[in-house]
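The file final04.txt contains compact mmCIF, C-alpha atoms:
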# COMPACT_ATOMS: atom_id res chain seq x y z
CA MET A 496 104.07 56.18 155.80
CA LYS A 497 106.46 56.67 158.61
CA ALA A 498 105.28 57.12 162.08
CA LEU A 499 106.97 59.86 164.03
CA LYS A 500 107.35 59.67 167.74
CA THR A 501 106.74 62.85 169.57
CA PRO A 502 106.88 63.27 173.29
CA ASN A 503 103.10 63.45 173.51
CA LYS A 504 101.81 60.92 170.98
CA LEU A 505 102.44 58.99 167.82
CA MET A 506 101.77 61.09 164.62
CA LYS A 507 101.85 60.37 160.94
CA ALA A 508 104.16 62.58 158.82
CA ASP A 509 102.40 64.85 156.34
CA PRO A 510 104.23 64.73 152.98
CA PHE A 511 102.50 67.96 151.86
CA ALA A 512 103.38 69.98 154.90
CA VAL A 513 104.53 73.51 154.11
CA LYS A 514 107.35 75.02 156.04
CA LYS A 515 106.63 78.39 157.47
CA ARG A 516 108.77 81.14 155.99
CA PRO A 517 109.54 84.37 157.76
CA ILE A 518 107.42 87.30 156.55
CA LYS A 519 109.33 90.25 155.12
CA PRO A 520 108.08 93.72 155.92
CA ALA A 521 106.19 95.32 152.97
CA ASN A 522 107.47 98.86 153.49
CA LYS A 523 111.13 98.04 152.97
CA GLN A 524 112.68 100.61 150.58
CA PRO A 525 115.39 99.59 148.07
CA ILE A 526 118.90 100.71 148.83
CA LYS A 527 120.30 103.41 146.54
CA GLY A 528 122.46 101.98 143.80
CA ALA A 529 120.86 98.56 144.07
CA LYS A 530 119.33 96.82 141.07
CA THR A 531 115.62 97.52 140.90
CA LYS A 532 113.02 96.87 138.18
CA ILE A 533 115.51 96.39 135.33
CA LYS A 534 116.60 93.09 136.83
CA ASN A 535 113.08 91.72 136.52
CA MET A 536 112.34 93.18 133.05
CA ASN A 537 111.51 90.70 130.32
CA ILE A 538 113.23 91.11 126.90
CA GLY A 539 109.82 90.78 125.26
CA GLU A 540 108.82 94.11 126.78
CA LEU A 541 111.62 95.84 124.85
CA ILE A 542 110.60 94.60 121.39
CA PRO A 543 107.88 97.26 120.82
CA PHE A 544 110.31 99.97 121.91
CA PHE A 545 112.95 98.84 119.42
CA GLY A 546 110.27 98.54 116.72
CA MET A 547 109.24 102.17 117.21
CA LEU A 548 112.87 103.24 117.41
CA THR A 549 113.57 101.51 114.09
CA GLY A 550 110.69 103.37 112.46
CA ILE A 551 112.33 106.64 113.48
CA VAL A 552 116.01 105.81 112.96
CA ILE A 553 115.75 104.39 109.42
CA PRO A 554 114.04 107.43 107.81
CA LEU A 555 116.39 109.81 109.62
CA GLY A 556 119.38 107.77 108.45
CA ILE A 557 118.15 107.86 104.85
CA LEU A 558 117.61 111.62 104.99
CA TYR A 559 121.12 112.11 106.39
CA TRP A 560 122.59 109.83 103.71
CA LEU A 561 120.81 111.75 100.90
CA TYR A 562 121.97 115.06 102.39
CA ARG A 563 125.59 113.90 102.46
CA GLU A 564 125.38 112.53 98.93
CA ASN A 565 123.96 115.77 97.47
CA LYS A 566 126.34 117.92 99.51
CA ASN A 567 129.37 116.13 98.08
CA LYS A 568 127.91 116.26 94.56
CA ASN A 569 127.30 120.01 94.76
CA GLU A 570 130.78 120.66 96.16
CA THR A 571 132.27 118.63 93.30
CA ILE A 572 130.35 120.65 90.70
CA ILE A 573 131.53 123.93 92.25
CA GLU A 574 135.17 122.82 92.31
CA ILE A 575 135.09 121.66 88.68
CA SER A 576 133.27 124.80 87.49
CA LYS A 577 135.95 127.02 89.06
CA ASN A 578 138.48 125.51 86.68
CA LEU A 579 136.29 125.75 83.55
CA ASP A 580 136.26 128.90 81.42
CA ASP A 581 133.57 127.97 78.91
CA PRO A 582 129.96 128.33 80.25
CA SER A 583 128.67 125.65 77.86
CA LYS A 584 130.91 123.09 79.55
CA VAL A 585 129.43 124.05 82.92
CA GLU A 586 125.93 123.43 81.54
CA GLU A 587 127.05 120.02 80.24
CA LEU A 588 128.47 119.25 83.66
CA LEU A 589 125.14 120.12 85.29
CA LYS A 590 123.29 117.83 82.87
CA ILE A 591 125.61 114.96 83.77
CA PHE A 592 124.90 115.27 87.48
CA GLU A 593 121.17 115.84 87.07
CA THR A 594 119.33 112.80 88.42
CA ARG A 595 115.79 113.52 87.23
CA LYS A 596 114.48 111.50 84.31
CA LYS A 597 112.82 113.45 81.57
CA GLU A 598 111.10 110.42 80.09
CA PRO A 599 107.63 109.48 81.33
CA ILE A 600 107.07 106.32 83.32
CA ASP A 601 106.55 103.22 81.20
CA TYR A 602 103.56 101.59 82.88
CA ARG A 603 103.86 98.43 80.81
CA ARG A 604 107.38 97.72 82.04
CA SER A 605 106.59 98.49 85.69
CA GLY A 606 103.35 96.50 85.37
CA VAL A 607 105.17 93.39 84.19
CA ILE A 608 107.64 93.69 87.08
CA THR A 609 104.79 94.16 89.60
CA LEU A 610 102.86 91.25 88.10
CA PHE A 611 105.76 88.85 88.54
CA VAL A 612 106.51 90.11 92.06
CA GLY A 613 102.88 89.30 92.87
CA ALA A 614 103.20 85.86 91.30
CA GLY A 615 106.33 85.20 93.37
CA LEU A 616 104.61 86.25 96.58
CA TYR A 617 101.62 84.07 95.74
CA MET A 618 103.85 81.04 95.13
CA LEU A 619 105.78 81.68 98.35
CA GLY A 620 102.50 81.79 100.25
CA PHE A 621 101.25 78.66 98.49
CA ILE A 622 104.41 76.70 99.24
CA ALA A 623 105.49 77.96 102.66
CA PHE A 624 103.56 80.64 104.49
CA GLY A 625 99.85 80.17 103.87
CA LYS A 626 96.73 81.98 102.78
CA VAL A 627 97.65 85.50 103.93
CA LEU A 628 100.71 85.72 101.67
CA GLU A 629 98.71 84.16 98.83
CA GLY A 630 96.20 87.00 99.16
CA VAL A 631 98.96 89.61 99.22
CA GLY A 632 100.55 88.04 96.12
CA ALA A 633 97.22 88.01 94.28
CA LEU A 634 96.63 91.68 95.17
CA VAL A 635 100.09 92.74 93.96
CA GLY A 636 99.67 90.68 90.79
CA LEU A 637 96.33 92.32 90.01
CA ILE A 638 97.88 95.75 90.54
CA GLY A 639 100.53 94.76 87.99
CA ILE A 640 97.84 93.73 85.49
CA GLY A 641 96.17 97.10 86.03
CA GLN A 642 99.45 98.89 85.30
CA ILE A 643 99.94 96.90 82.10
CA ILE A 644 96.43 97.80 80.94
CA ALA A 645 97.02 101.46 81.82
CA GLY A 646 100.25 101.38 79.77
CA TYR A 647 98.35 100.24 76.69
CA LEU A 648 95.38 102.57 77.22
CA TYR A 649 97.47 105.68 77.83
CA PRO A 650 100.51 105.84 75.52
CA ASN A 651 103.26 107.89 77.07
CA THR A 652 106.22 108.30 74.73
CA GLY A 653 106.30 110.99 72.06
CA LYS A 654 106.36 108.46 69.24
CA GLU A 655 103.38 106.57 70.65
CA LEU A 656 101.41 109.79 71.11
CA THR A 657 102.17 110.89 67.55
CA ASN A 658 101.09 107.50 66.18
CA ALA A 659 97.88 107.58 68.24
CA VAL A 660 97.01 111.09 66.95
CA GLU A 661 97.74 110.09 63.33
CA GLU A 662 95.56 107.00 63.62
CA TYR A 663 92.75 109.10 65.08
CA GLU A 664 93.03 111.68 62.27
CA LYS A 665 92.85 108.94 59.61
CA LYS A 666 89.44 107.87 60.94
Written as structure tokens, how would this file's structure read?
Amino acid sequence: MKALKTPNKLMKADPFAVKKRPIKPANKQPIKGAKTKIKNMNIGELIPFFGMLTGIVIPLGILYWLYRENKNKNETIIEISKNLDDPSKVEELLKIFETRKKEPIDYRRSGVITLFVGAGLYMLGFIAFGKVLEGVGALVGLIGIGQIIAGYLYPNTGKELTNAVEEYEKK
């Protein structure tokens, strides 16, 4: 260590000495127009806000999109029907644009799709992401198996119902 000479005596220098800093007054108010808290805000604090905003914006966007789609479809039907004289053609036009399915849901088909989605999730969890995704994949796969079983237990097409009633009457 170095020895420092002072007018009074010989002292050793302290390597851990802290310089005194001037104390700022605590009641100092920020100047208008100056950057305040935003400067010190962490980006991690904004993530929950954007997450909640996404949960609101996406459904509203979908509702707006569906509104615009149906609005244009209805305007198209009205314009075409103005030029048609035969009412049967108007009814055919309405059937073309009708989006509802009149057939019942085929649980066997949707069950097979759900089963393989579950198998894919399970394999993804097994290979890359771990036990949580394996559990989710197993759950989805079992739901698919349940849908397949429901499809065989409860026939849903007219032909299947007729065959089931005929088989029951034969017994």
Requested in this report: Could you please determine the separation between CA of Val635 in chain A and CA of Gly613 in chain A in Å, to one decimal place?
Outcome: 4.6 Å
Report task. Enter the distance from CA of Leu561 in chain A to CA of Lys590 in chain A, in Å, rounded to one decimal. Result -> 19.2 Å
Query raised in the report: Smallest atom-to-atom distance to Ser605 in chain A: which of A:Ile553, A:Glu664, A:Gly641, A:Ile591, using all atoms listed in the file?
Result: A:Gly641
Query - d(CA of Leu610 in chain A, CA of Leu637 in chain A) in Å - result: 6.9 Å
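Distances to Gly606 in chain A were evaluated for A:Glu587, A:Gly639, A:Ile557, A:Met618 using all atoms listed in the file, and the minimum falls at A:Gly639.
Using all atoms listed in the file, the nearest neighbour of Ile643 in chain A within the list A:Glu629, A:Gly550, A:Gly620, A:Tyr602 is A:Tyr602.
Residue nearest Gly615 in chain A, chosen from A:Leu589, A:Val631, A:Leu648, A:Ile600 and counting only C-alpha atoms: A:Val631.
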